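Source file: input09.cif. Holds: mmCIF, C-alpha atoms and all ligand atoms.
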```cif
data_input
#
loop_
_atom_site.label_atom_id
_atom_site.label_comp_id
_atom_site.auth_asym_id
_atom_site.auth_seq_id
_atom_site.Cartn_x
_atom_site.Cartn_y
_atom_site.Cartn_z
CA MET A 1 167.63 68.70 55.97
CA GLU A 2 168.79 66.31 58.73
CA LEU A 3 167.45 62.76 58.94
CA HIS A 4 167.36 61.05 62.33
CA VAL A 5 166.26 57.53 63.17
CA ARG A 6 165.16 56.20 66.51
CA TYR A 7 166.59 52.74 66.03
CA GLU A 8 164.86 49.93 67.91
CA GLY A 9 166.94 47.16 66.39
CA ASP A 10 164.12 44.58 66.50
CA ASP A 11 164.04 44.00 62.72
CA ASP A 12 166.43 42.03 60.50
CA PRO A 13 169.63 44.16 60.60
CA ASP A 14 170.74 42.90 57.18
CA LYS A 15 167.59 44.25 55.54
CA CYS A 16 167.30 47.42 57.63
CA THR A 17 167.07 50.44 55.34
CA ALA A 18 167.91 52.90 58.14
CA ARG A 19 171.21 51.17 58.82
CA LYS A 20 172.06 51.38 55.13
CA LEU A 21 171.31 55.11 55.05
CA ALA A 22 173.52 55.56 58.12
CA ARG A 23 176.38 53.69 56.38
CA PHE A 24 176.21 56.33 53.63
CA ASP A 25 176.09 59.14 56.24
CA LEU A 26 172.61 60.09 55.04
CA ALA A 27 170.91 59.50 58.40
CA ALA A 28 171.92 59.36 62.06
CA LEU A 29 170.87 56.33 64.14
CA HIS A 30 169.87 56.81 67.79
CA ARG A 31 169.64 53.79 70.06
CA SER A 32 168.16 55.88 72.89
CA PRO A 33 165.05 58.07 72.50
CA ARG A 34 166.75 60.77 74.61
CA SER A 35 169.37 61.50 71.96
CA VAL A 36 166.84 62.00 69.14
CA PRO A 37 166.56 65.72 68.31
CA SER A 38 163.16 67.34 68.09
CA GLY A 39 161.83 67.35 64.54
CA VAL A 40 158.91 66.31 62.38
CA VAL A 41 158.23 62.70 63.39
CA LEU A 42 157.04 60.41 60.58
CA ASP A 43 154.30 58.53 62.40
CA PRO A 44 151.66 56.47 60.58
CA HIS A 45 149.31 56.91 63.59
CA ALA A 46 149.45 60.73 63.48
CA GLU A 47 146.22 62.63 62.87
CA ARG A 48 147.72 65.26 60.59
CA ALA A 49 149.22 64.55 57.16
CA LEU A 50 152.66 65.86 56.26
CA SER A 51 152.52 68.88 53.95
CA PRO A 52 154.84 71.57 52.55
CA ALA A 53 153.65 73.81 55.41
CA ASP A 54 155.67 71.70 57.89
CA PRO A 55 159.22 72.58 58.94
CA ASP A 56 161.84 71.01 56.68
CA ASP A 57 164.96 71.09 58.83
CA VAL A 58 164.77 67.81 60.82
CA LEU A 59 162.85 64.63 59.90
CA VAL A 60 162.66 61.73 62.36
CA ALA A 61 161.57 58.13 61.72
CA LEU A 62 161.18 55.18 64.05
CA ASP A 63 162.90 52.12 62.68
CA CYS A 64 161.33 49.04 64.20
CA SER A 65 159.40 46.04 62.93
CA TRP A 66 155.79 46.70 61.91
CA GLU A 67 154.72 44.29 64.68
CA THR A 68 156.01 46.72 67.33
CA ALA A 69 155.10 49.96 65.52
CA GLU A 70 152.01 50.67 67.60
CA ALA A 71 151.10 54.25 68.55
CA GLU A 72 152.84 54.11 71.98
CA ALA A 73 156.17 53.31 70.32
CA PHE A 74 156.24 56.78 68.71
CA LYS A 75 156.97 58.75 71.88
CA LEU A 76 159.30 61.29 70.33
CA ASP A 77 159.47 65.09 70.57
CA GLY A 78 158.13 67.23 67.76
CA PRO A 79 155.05 67.43 65.58
CA HIS A 80 153.89 64.00 64.42
CA ARG A 81 152.83 63.62 60.80
CA ALA A 82 151.45 60.75 58.73
CA LEU A 83 152.50 60.34 55.13
CA PRO A 84 149.57 60.51 52.73
CA PHE A 85 148.57 57.69 50.37
CA LEU A 86 151.70 56.32 48.72
CA VAL A 87 152.58 52.74 47.89
CA ALA A 88 155.69 50.82 48.86
CA GLY A 89 158.13 50.03 46.05
CA ASN A 90 160.38 47.70 48.02
CA PRO A 91 160.16 43.93 47.41
CA VAL A 92 158.90 43.15 50.96
CA SER A 93 155.76 45.32 50.78
CA HIS A 94 155.58 46.14 47.05
CA GLY A 95 152.33 47.92 46.18
CA THR A 96 151.07 48.12 49.78
CA PRO A 97 149.67 51.58 50.59
CA PHE A 98 150.91 53.50 53.65
CA ARG A 99 153.36 50.76 54.72
CA LEU A 100 156.67 52.28 53.67
CA ASN A 101 160.06 51.28 54.94
CA THR A 102 162.19 53.89 56.68
CA ALA A 103 164.15 54.91 53.58
CA GLU A 104 160.96 55.26 51.51
CA ALA A 105 159.32 57.28 54.32
CA PHE A 106 162.30 59.66 54.40
CA ALA A 107 162.31 59.95 50.60
CA ALA A 108 158.58 60.73 50.57
CA GLY A 109 158.97 63.24 53.40
CA ALA A 110 161.91 64.95 51.73
CA TYR A 111 160.01 65.13 48.42
CA ILE A 112 156.85 66.60 49.95
CA LEU A 113 158.93 69.15 51.86
CA GLY A 114 160.60 70.32 48.62
CA HIS A 115 163.86 68.33 48.75
CA GLU A 116 163.46 66.25 45.59
CA SER A 117 167.17 65.75 45.00
CA LEU A 118 167.60 64.36 48.52
CA ALA A 119 164.69 61.98 47.85
CA ALA A 120 166.45 60.78 44.68
CA GLU A 121 169.78 60.40 46.50
CA LEU A 122 168.18 58.33 49.28
CA MET A 123 166.46 56.04 46.79
CA SER A 124 169.60 55.69 44.64
CA LYS A 125 171.14 53.56 47.42
CA PHE A 126 168.57 50.78 46.92
CA ARG A 127 168.09 48.62 43.83
CA TRP A 128 164.28 49.04 44.14
CA GLY A 129 164.53 52.76 44.93
CA HIS A 130 163.62 53.93 41.43
CA THR A 131 160.46 51.75 41.61
CA PHE A 132 159.25 53.69 44.67
CA LEU A 133 159.78 57.03 42.93
CA GLU A 134 158.21 55.82 39.67
CA LEU A 135 155.14 54.25 41.31
CA ASN A 136 154.50 57.43 43.30
CA ALA A 137 155.68 60.09 40.86
CA GLU A 138 152.29 61.72 40.33
CA PRO A 139 151.05 61.79 43.95
CA LEU A 140 154.43 62.98 45.25
CA GLU A 141 154.43 65.84 42.77
CA ARG A 142 150.87 66.77 43.69
CA TYR A 143 151.43 66.58 47.47
CA ALA A 144 154.56 68.73 47.11
CA GLY A 145 152.43 71.36 45.37
CA CYS A 146 149.85 71.59 48.17
CA ALA A 147 149.67 74.55 50.52
CA ASP A 148 148.81 72.68 53.71
CA SER A 149 147.70 69.44 55.31
CA ALA A 150 144.03 69.92 54.36
CA GLU A 151 144.98 70.15 50.66
CA VAL A 152 147.17 67.06 50.96
CA VAL A 153 144.25 65.15 52.50
CA ALA A 154 141.95 66.29 49.67
CA VAL A 155 144.43 65.05 47.04
CA GLN A 156 144.91 61.81 48.97
CA GLN A 157 141.14 61.24 48.87
CA GLU A 158 141.25 61.12 45.07
CA TYR A 159 143.78 58.25 45.23
CA LEU A 160 141.79 56.46 47.94
CA ASP A 161 138.64 56.71 45.78
CA LEU A 162 140.51 55.33 42.77
CA ALA A 163 141.91 52.47 44.87
CA GLU A 164 138.37 51.52 45.93
CA GLU A 165 136.99 51.35 42.37
C1 LIG B 201 157.91 50.47 60.98
S1 LIG B 201 159.45 50.99 60.33
C2 LIG B 201 159.93 49.59 59.35
C3 LIG B 201 161.35 49.78 58.89
C4 LIG B 201 161.98 48.62 58.15
N1 LIG B 201 162.43 47.67 59.12
C5 LIG B 201 163.16 49.10 57.31
O1 LIG B 201 164.17 48.42 57.25
O2 LIG B 201 163.06 50.17 56.69
C6 LIG B 201 159.09 52.22 59.08
C7 LIG B 201 159.04 53.65 59.60
O3 LIG B 201 158.90 54.54 58.48
C8 LIG B 201 157.98 55.59 58.82
N2 LIG B 201 156.74 55.37 58.04
C9 LIG B 201 156.43 54.34 57.23
N3 LIG B 201 155.21 54.49 56.67
C10 LIG B 201 154.72 55.67 57.15
C11 LIG B 201 153.50 56.40 56.96
N4 LIG B 201 152.51 55.96 56.18
N5 LIG B 201 153.35 57.58 57.62
C12 LIG B 201 154.34 58.06 58.42
N6 LIG B 201 155.51 57.41 58.64
C13 LIG B 201 155.70 56.23 58.02
C14 LIG B 201 157.71 55.47 60.32
O4 LIG B 201 158.66 56.22 61.04
C15 LIG B 201 157.88 53.95 60.53
O5 LIG B 201 158.10 53.63 61.87
#
```

Serialized structure, structure tokens:
Amino acid sequence: MELHVRYEGDDDPDKCTARKLARFDLAALHRSPRSVPSGVVLDPHAERALSPADPDDVLVALDCSWETAEAEAFKLDGPHRALPFLVAGNPVSHGTPFRLNTAEAFAAGAYILGHESLAAELMSKFRWGHTFLELNAEPLERYAGCADSAEVVAVQQEYLDLAEE
């Protein structure tokens, strides 16, 4: 599985998780949208949830600040998919649902698409990485066992209902 990042560079470079993954040769950074290959785009605004039915060869994320991550910013080729209910494990957004950093989004995507060891390798580069995998162990396992996006959404609903109680 290849990981590609459309890199906006408008967030703190010292804390940027995409840059760290690139330093370990785990992801490729693209400063121009034209050089980003077509692949499954991890897009929180997408209508369809990522599921094991999606292609697992190329995953793309947009690394930018959350202030500029509006829908128009995600103009990239390929099917756009939202990650289902998962909570951030990083210290900046710890416990916040849906608001993952780029490394967490890639780890979640890899896990759901059947690449658990890649998810573990990505998270091993961050001191909080194990927290993300521990906090989300059950939902990740369940999403990875779904047949399609509709099943993922049904499982997600159980977590949303629990979160509302
Ligand atoms: C907005 S950037 C913030 C990155 C942060 N500056 C960092 O250093 O990791 C996070 C990216 O991860 C992906 N992502 C995060 N949460 C997501 C979700 N719930 N669904 C789909 N993609 C998500 C998107 O590509 C999003 O643009």

If you take every atom of ligand LIG 201 (chain B) that the file lists and fit an axis-aligned box around them with 8 Å extra on each side, what centre and edge lengths come out in Å to one decimal, as lines of an AutoDock Vina configuration file?
```
center_x = 158.3
center_y = 52.9
center_z = 59.0
size_x = 27.7
size_y = 26.4
size_z = 21.7
```

Exercise for the section: Kindly compile the residues surrounding ligand LIG 201 (chain B) within 7 Å, counting all atoms listed in the file, and format them as an NGL selection string. Expected result: :A and (11 or 15-18 or 41-44 or 60-66 or 69 or 81-84 or 98-103 or 105)

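When only C-alpha atoms are used to compute distances to Glu141 (chain A), the closest of the residues A:Leu26, A:Leu86, A:Leu162, A:Ala49 turns out to be A:Leu86.
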
Practice task
Would you work out the distance separating CA of Ala28 (chain A) from CA of Leu59 (chain A), expressed in Å to one decimal?
Solution key: 10.7 Å

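Here the question is which of A:Tyr111, A:Phe74, A:Phe106, A:Tyr143 gets nearest to Val36 (chain A) using all atoms listed in the file, and that residue is A:Phe74.
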